[in-house]
Amino acid sequence: MNEYKRMRSLVEITRIVTQSDNFYEVKDQIINNMLAVVHPTKACVNLFYNNDYNYAHLVCSSTLNYIPKIFPQNEEYGAKIDFSVYPDYIHEAVEEKKVVIVDDIFKNEKAKGEENLAINEGYIGRAIFPFIINDKVIGFMTCYLSDQEKLKPDDIDFITQVASMMSLSISITEKNDGINKLIGKLRQSITNINKASKRLFSTQDIFYYLQKMANVVADTTDSKFSMVNIYDIGENGGPMGQKFTCANDQNAINSLAARMPIILKDHRIYDYGKTDGEVLVDGKSYTNRIFYKVIIDSKSMLVILAVGDKVYTEDDFNIIGALAKQIATSVKSYDYSEKLEENKAINDELVVLKHQQKLIMDNNSLKKFADRDLFYFMKPAKVVGGDFYHSMLVDDRVIFILADVMGHGIVANYMVALIKGAFEVLVRKVANPKEIITKLNKNLYNEFDNMGAYATIVVGAINKNTNKLELANAGHYQPIIFDNDNKYVEIDTDAKGIPIGIINNEQYSQIEIDFSKDKCKAMCMFTDGIIEMKNQEHEEFGHERLVEFLSDNIDSDEKTIKKRLDKLIKHFSVDDDKKDDILLAFIK
């Protein structure tokens, strides 16, 4: 009977852990479920933060009476306690990564000095179960035993399993905290980039813009110094001469500039780690650096360099990559806007934004994957919309997103930039499309709410080894898929959630489709512009006509499909002023 209760309790604890991404919200539930089926009636949890073993934070003490009174909460998640005051047997459990049980602390030399605490809290024995993640102890759970409470071997095994589940929950929380911090940095950075971009287009002051971007890079990557450079590209495709350069600190500009020849000769587009020699500023040397290069166009290249005391990680690479591409987009839009006639304020701004919208999609989207072609067709409206497509290669998978932000103009353009940046961070952090959409919604919800906007989104991942397509949908039209006989393969329209930006903490699901070539010849994703365009009789083009058009043309090459789409739109649609953006993305 006890074994059955423990098994049920472990199942319930597993459910609690896997359905939550925040350990602090479920820690008490886990402890209470555990104590309901084992002899101890009291337990607590201590954690070490940021690999600091000088302090053990008491984060869970709801079953205790006396101890919380002498260690009142002084941190966000619990009391910060000097670890040196803990008895030797707890240090032994942490240092040797093993369960330690003291049956009677009054008779054990390693528990010396704990007697008064035990009398006031009402325990005689204590069991310590360390939390281990990647062979490192990140905390421990203590079970308190009265003279009537003893731990049997089965109880120890059960509590050890619970400790493992709590370790998993803590790991999930740390992972999500890291993602949230990255997205938070990205959010603030893109906000600053957009503000600076607006001034760039109005004042044409490229130096002011690059100075601001150097500050954004330094702040976002926690760097001491950063430099943003634009180089002209020669006929051989290499950097020919420096066009613009700005740093976040003028005192460092010469030292940073001295590193640029080495970076420019490096064949890699990015790297992070130790510098090839010291960067010396005001008598202090810095040996850690990160750089990122982006081709702006056939004539210019953006190079970003940051240095500091910190050791740069893949997270810094992800965030600086997203920033670099956004900065390159703004610089390219600036170059484009210079060619436009001055003093056409609102019209020119919309033209520039539409151009920038296309650049956001053009930068680094895949063209080929596992013998399949990836391409998109876009017919922009007269006003700037929020249609967006992007694809990335991650290990053996292509991960893609198609989104439609409600509304037009600067708000839609801003939200598209946020979605793209967050997507590029998340694809390297989470496992599947449903998690990407769930975290996009969670991390960007406040922006959508403040802007009064929302977005429909499709996120998919195709594994070239298994030929499986994972597909998650947030209120968007399901993609159109054709089999080898050009027959339309209908996807369950119920297999989608609500658009992002409407309900905070919404959980999304996904479906799996066999995407092998003998099952799926091609797939087309689209936004509502194509099916909602109207003819002279005010009839919408509709889903059925789109399926028919694709069925007739899906075997054609990219150039032919785009040409026929363009012709179709011109012949069917009659009101350009009311027409929405039209975007179709193909994998075939």
# chains A, B, ... in the order shown; residues from 1 in each chain; ligands from 1
$ residues_around --residues "range 186-200 of chain A" --least-positions-apart "6" --cutoff "9 Å" --atoms "only C-alpha atoms" --output "ChimeraX atom specification"
/A:206,208-210,212-213,216-217,219-220,319,322-323,326-327,330-331,334,414,417-418,421-422,425,443-444,447
$ residues_around --residues "Met141 in chain A" --least-positions-apart "4" --cutoff "10 Å" --atoms "only C-alpha atoms" --output "list in words"
Ile31, Ala43, Cys44, Val45, Asn46, Leu47, Leu58, Cys60, Val99, Ala127, Ile128, Phe129, Pro130, Phe131, Ile159, Thr160, Val162, Ala163 and Met166 of chain A
$ residues_around --residues "range 479-483 of chain A" --least-positions-apart "3" --cutoff "8 Å" --atoms "only C-alpha atoms" --output "ChimeraX atom specification"
/A:486-491,518-526,547,551
$ closest_residue --among "A:Leu583, A:Ala36, A:Leu182, A:Ile554" --to "Ile531 in chain A" --atoms "only C-alpha atoms"
A:Leu583
$ select_by_dssp --residues "range 388-570 of chain A" --states "strand (DSSP E or B)" --output "PDB file with C-alpha atoms, in the first residue's frame"
ATOM      1  CA  PHE A 388       6.810  38.412 -41.935  1.00  0.00           C
ATOM      2  CA  TYR A 389       8.611  35.178 -42.894  1.00  0.00           C
ATOM      3  CA  HIS A 390      11.977  33.851 -41.753  1.00  0.00           C
ATOM      4  CA  SER A 391      13.776  30.488 -41.710  1.00  0.00           C
ATOM      5  CA  MET A 392      16.937  29.277 -39.971  1.00  0.00           C
ATOM      6  CA  LEU A 393      19.099  26.156 -40.002  1.00  0.00           C
ATOM      7  CA  VAL A 394      19.618  24.676 -36.523  1.00  0.00           C
ATOM      8  CA  ARG A 397      16.508  21.005 -38.828  1.00  0.00           C
ATOM      9  CA  VAL A 398      15.118  23.981 -40.645  1.00  0.00           C
ATOM     10  CA  ILE A 399      12.944  26.068 -38.325  1.00  0.00           C
ATOM     11  CA  PHE A 400      10.663  28.636 -39.926  1.00  0.00           C
ATOM     12  CA  ILE A 401       8.131  31.248 -38.890  1.00  0.00           C
ATOM     13  CA  LEU A 402       5.400  33.082 -40.760  1.00  0.00           C
ATOM     14  CA  ALA A 403       3.573  35.847 -38.911  1.00  0.00           C
ATOM     15  CA  ASP A 404       0.936  38.476 -39.532  1.00  0.00           C
ATOM     16  CA  VAL A 405       0.868  41.355 -37.056  1.00  0.00           C
ATOM     17  CA  ALA A 455      -0.178  38.498 -34.225  1.00  0.00           C
ATOM     18  CA  THR A 456      -1.147  35.222 -35.848  1.00  0.00           C
ATOM     19  CA  ILE A 457       1.821  32.913 -36.269  1.00  0.00           C
ATOM     20  CA  VAL A 458       2.833  29.560 -37.727  1.00  0.00           C
ATOM     21  CA  VAL A 459       6.107  27.999 -36.560  1.00  0.00           C
ATOM     22  CA  GLY A 460       7.414  24.763 -38.019  1.00  0.00           C
ATOM     23  CA  ALA A 461      10.489  22.540 -37.887  1.00  0.00           C
ATOM     24  CA  ILE A 462      11.531  19.922 -40.449  1.00  0.00           C
ATOM     25  CA  ASN A 463      14.106  17.298 -39.490  1.00  0.00           C
ATOM     26  CA  LYS A 468       9.075  14.844 -39.717  1.00  0.00           C
ATOM     27  CA  LEU A 469       7.391  18.244 -39.772  1.00  0.00           C
ATOM     28  CA  GLU A 470       6.447  19.679 -36.376  1.00  0.00           C
ATOM     29  CA  LEU A 471       3.908  22.456 -36.733  1.00  0.00           C
ATOM     30  CA  ALA A 472       2.511  24.871 -34.142  1.00  0.00           C
ATOM     31  CA  ASN A 473      -0.137  27.461 -34.911  1.00  0.00           C
ATOM     32  CA  ALA A 474      -1.295  30.594 -33.077  1.00  0.00           C
ATOM     33  CA  ILE A 480      -1.493  24.175 -47.701  1.00  0.00           C
ATOM     34  CA  ILE A 481       0.251  20.854 -48.347  1.00  0.00           C
ATOM     35  CA  PHE A 482       0.228  18.760 -51.529  1.00  0.00           C
ATOM     36  CA  TYR A 488      -4.469  18.898 -51.229  1.00  0.00           C
ATOM     37  CA  VAL A 489      -3.633  17.376 -47.829  1.00  0.00           C
ATOM     38  CA  GLY A 497      -4.282  28.159 -30.556  1.00  0.00           C
ATOM     39  CA  ILE A 500      -0.134  35.740 -29.502  1.00  0.00           C
ATOM     40  CA  GLN A 510       1.766  21.177 -32.062  1.00  0.00           C
ATOM     41  CA  ILE A 511       1.101  18.440 -34.582  1.00  0.00           C
ATOM     42  CA  GLU A 512       3.484  16.131 -36.416  1.00  0.00           C
ATOM     43  CA  ILE A 513       3.306  15.448 -40.165  1.00  0.00           C
ATOM     44  CA  ASP A 514       5.226  13.000 -42.336  1.00  0.00           C
ATOM     45  CA  ALA A 522       5.260  20.912 -51.298  1.00  0.00           C
ATOM     46  CA  MET A 523       3.916  23.236 -48.629  1.00  0.00           C
ATOM     47  CA  CYS A 524       2.722  26.822 -48.904  1.00  0.00           C
ATOM     48  CA  MET A 525       2.180  29.161 -45.966  1.00  0.00           C
ATOM     49  CA  PHE A 526       0.353  32.426 -46.532  1.00  0.00           C
ATOM     50  CA  LYS A 534     -11.478  41.351 -53.814  1.00  0.00           C
ATOM     51  CA  GLU A 540     -12.928  37.509 -52.026  1.00  0.00           C
TER      52      GLU A 540
END
$ select_by_dssp --residues "range 502-557 of chain A" --states "helix (DSSP H, G or I)" --output "list in words"
Gly529, Ile530, Ile531, Glu532, Gly542, His543, Glu544, Arg545, Leu546, Val547, Glu548, Phe549, Leu550, Ser551, Asp552 and Asn553 of chain A
$ closest_residue --among "A:Asn413, A:Thr142, A:Thr560, A:Asn176" --to "Ile90 in chain A" --atoms "only C-alpha atoms"
A:Thr142
$ atom_distance --atom1 "CA of Lys464 in chain A" --atom2 "CA of Arg372 in chain A"
10.2 Å
$ residues_around --residues "Pro87 in chain A" --least-positions-apart "2" --cutoff "8 Å" --atoms "only C-alpha atoms" --output "ChimeraX atom specification"
/A:84-85,89-91,110-114
$ residues_around --residues "range 177-180 of chain A" --least-positions-apart "6" --cutoff "12 Å" --atoms "only C-alpha atoms" --output "ChimeraX atom specification"
/A:21-24,170-171,186-187,314-316,318-319,422-430,435-436,439-444
$ residues_around --residues "Val17 in chain A" --least-positions-apart "3" --cutoff "10 Å" --atoms "only C-alpha atoms" --output "short mmCIF file (atom, residue, chain, number, x, y, z; two decimals) with all heavy atoms, in the first residue's frame"
data_model
loop_
_atom_site.label_atom_id
_atom_site.label_comp_id
_atom_site.auth_asym_id
_atom_site.auth_seq_id
_atom_site.Cartn_x
_atom_site.Cartn_y
_atom_site.Cartn_z
N VAL A 11 4.11 10.33 -9.43
CA VAL A 11 3.43 10.69 -10.68
C VAL A 11 2.89 12.11 -10.60
O VAL A 11 3.01 12.91 -11.53
CB VAL A 11 2.30 9.69 -11.01
CG1 VAL A 11 1.43 10.21 -12.15
CG2 VAL A 11 2.88 8.33 -11.38
N GLU A 12 2.28 12.45 -9.46
CA GLU A 12 1.71 13.79 -9.27
C GLU A 12 2.82 14.84 -9.26
O GLU A 12 2.70 15.92 -9.86
CB GLU A 12 0.92 13.84 -7.97
CG GLU A 12 0.36 15.22 -7.61
CD GLU A 12 -0.62 15.78 -8.64
OE1 GLU A 12 -1.11 15.00 -9.49
OE2 GLU A 12 -0.90 16.99 -8.60
N ILE A 13 3.95 14.53 -8.59
CA ILE A 13 5.07 15.47 -8.55
C ILE A 13 5.64 15.67 -9.96
O ILE A 13 5.97 16.80 -10.35
CB ILE A 13 6.16 14.97 -7.58
CG1 ILE A 13 5.65 15.08 -6.13
CG2 ILE A 13 7.46 15.75 -7.76
CD1 ILE A 13 6.54 14.41 -5.10
N THR A 14 5.73 14.59 -10.73
CA THR A 14 6.21 14.68 -12.11
C THR A 14 5.29 15.58 -12.93
O THR A 14 5.75 16.41 -13.73
CB THR A 14 6.28 13.28 -12.75
OG1 THR A 14 7.14 12.45 -11.97
CG2 THR A 14 6.80 13.36 -14.17
N SER A 20 5.04 23.16 -15.19
CA SER A 20 5.41 24.50 -14.71
C SER A 20 6.83 24.83 -15.15
O SER A 20 7.69 23.95 -15.22
CB SER A 20 5.33 24.56 -13.18
OG SER A 20 5.83 25.79 -12.70
N ASP A 21 7.06 26.10 -15.46
CA ASP A 21 8.42 26.53 -15.78
C ASP A 21 8.99 27.41 -14.67
O ASP A 21 9.97 28.12 -14.87
CB ASP A 21 8.46 27.27 -17.12
CG ASP A 21 7.59 28.52 -17.14
OD1 ASP A 21 7.00 28.86 -16.09
OD2 ASP A 21 7.50 29.18 -18.20
N ASN A 22 8.38 27.34 -13.48
CA ASN A 22 8.83 28.17 -12.36
C ASN A 22 8.85 27.34 -11.08
O ASN A 22 7.81 27.04 -10.49
CB ASN A 22 7.92 29.39 -12.20
CG ASN A 22 8.49 30.40 -11.22
OD1 ASN A 22 9.26 30.06 -10.32
ND2 ASN A 22 8.13 31.66 -11.39
N PHE A 23 10.03 26.94 -10.66
CA PHE A 23 10.20 26.12 -9.45
C PHE A 23 9.59 26.78 -8.22
O PHE A 23 8.98 26.12 -7.37
CB PHE A 23 11.69 25.86 -9.22
CG PHE A 23 12.01 25.29 -7.86
CD1 PHE A 23 11.74 23.96 -7.57
CD2 PHE A 23 12.57 26.08 -6.87
CE1 PHE A 23 12.03 23.43 -6.32
CE2 PHE A 23 12.87 25.57 -5.62
CZ PHE A 23 12.60 24.24 -5.34
N VAL A 26 5.92 26.13 -7.51
CA VAL A 26 5.44 24.76 -7.23
C VAL A 26 6.21 24.08 -6.12
O VAL A 26 5.87 22.95 -5.75
CB VAL A 26 5.52 23.90 -8.52
CG1 VAL A 26 4.62 24.48 -9.60
CG2 VAL A 26 6.95 23.76 -9.03
N LYS A 27 7.24 24.71 -5.55
CA LYS A 27 8.08 24.06 -4.56
C LYS A 27 7.30 23.55 -3.35
O LYS A 27 7.53 22.42 -2.89
CB LYS A 27 9.20 25.00 -4.10
CG LYS A 27 8.71 26.34 -3.55
CD LYS A 27 9.86 27.27 -3.25
CE LYS A 27 9.40 28.66 -2.86
NZ LYS A 27 8.48 28.72 -1.73
N GLN A 29 4.10 22.76 -3.25
CA GLN A 29 3.26 21.63 -3.66
C GLN A 29 4.07 20.34 -3.68
O GLN A 29 3.59 19.28 -3.26
CB GLN A 29 2.68 21.88 -5.05
CG GLN A 29 1.72 23.05 -5.16
CD GLN A 29 1.23 23.21 -6.60
OE1 GLN A 29 0.72 22.26 -7.19
NE2 GLN A 29 1.40 24.40 -7.14
N ILE A 30 5.30 20.42 -4.19
CA ILE A 30 6.14 19.22 -4.27
C ILE A 30 6.46 18.70 -2.87
O ILE A 30 6.33 17.50 -2.59
CB ILE A 30 7.45 19.55 -5.03
CG1 ILE A 30 7.13 19.94 -6.47
CG2 ILE A 30 8.39 18.35 -5.00
CD1 ILE A 30 8.34 20.44 -7.25
N MET A 165 13.54 15.18 -9.19
CA MET A 165 12.50 15.95 -9.87
C MET A 165 12.60 17.43 -9.53
O MET A 165 12.37 18.30 -10.38
CB MET A 165 11.12 15.41 -9.49
CG MET A 165 10.82 14.01 -10.01
SD MET A 165 11.04 13.86 -11.80
CE MET A 165 9.86 15.07 -12.40
N MET A 166 12.96 17.74 -8.29
CA MET A 166 13.13 19.14 -7.91
C MET A 166 14.33 19.75 -8.63
O MET A 166 14.30 20.92 -9.05
CB MET A 166 13.28 19.27 -6.39
CG MET A 166 12.03 18.85 -5.63
SD MET A 166 12.15 19.10 -3.85
CE MET A 166 11.63 20.79 -3.70
N SER A 167 15.39 18.95 -8.81
CA SER A 167 16.55 19.42 -9.57
C SER A 167 16.14 19.76 -11.00
O SER A 167 16.57 20.77 -11.56
CB SER A 167 17.65 18.35 -9.58
OG SER A 167 18.11 18.07 -8.28
N LEU A 168 15.30 18.89 -11.57
CA LEU A 168 14.80 19.14 -12.93
C LEU A 168 13.99 20.43 -12.97
O LEU A 168 14.15 21.26 -13.89
CB LEU A 168 13.94 17.97 -13.40
CG LEU A 168 13.22 18.15 -14.75
CD1 LEU A 168 14.23 18.34 -15.88
CD2 LEU A 168 12.32 16.95 -15.03
N SER A 169 13.13 20.65 -11.99
CA SER A 169 12.31 21.85 -11.94
C SER A 169 13.19 23.11 -11.82
O SER A 169 12.94 24.12 -12.48
CB SER A 169 11.34 21.79 -10.76
OG SER A 169 10.53 22.94 -10.71
N ILE A 170 14.23 23.02 -11.00
CA ILE A 170 15.14 24.15 -10.85
C ILE A 170 15.87 24.42 -12.16
O ILE A 170 16.04 25.57 -12.58
CB ILE A 170 16.16 23.88 -9.71
CG1 ILE A 170 15.42 23.80 -8.36
CG2 ILE A 170 17.24 24.95 -9.67
CD1 ILE A 170 16.25 23.17 -7.26
N ILE A 172 14.79 23.73 -15.21
CA ILE A 172 13.83 24.34 -16.14
C ILE A 172 13.68 25.83 -15.83
O ILE A 172 13.65 26.67 -16.73
CB ILE A 172 12.47 23.62 -16.05
CG1 ILE A 172 12.58 22.19 -16.60
CG2 ILE A 172 11.39 24.39 -16.81
CD1 ILE A 172 11.35 21.35 -16.35
#
$ closest_residue --among "A:Phe106, A:Phe140, A:Phe48, A:Phe317" --to "Ile124 in chain A" --atoms "only C-alpha atoms"
A:Phe106
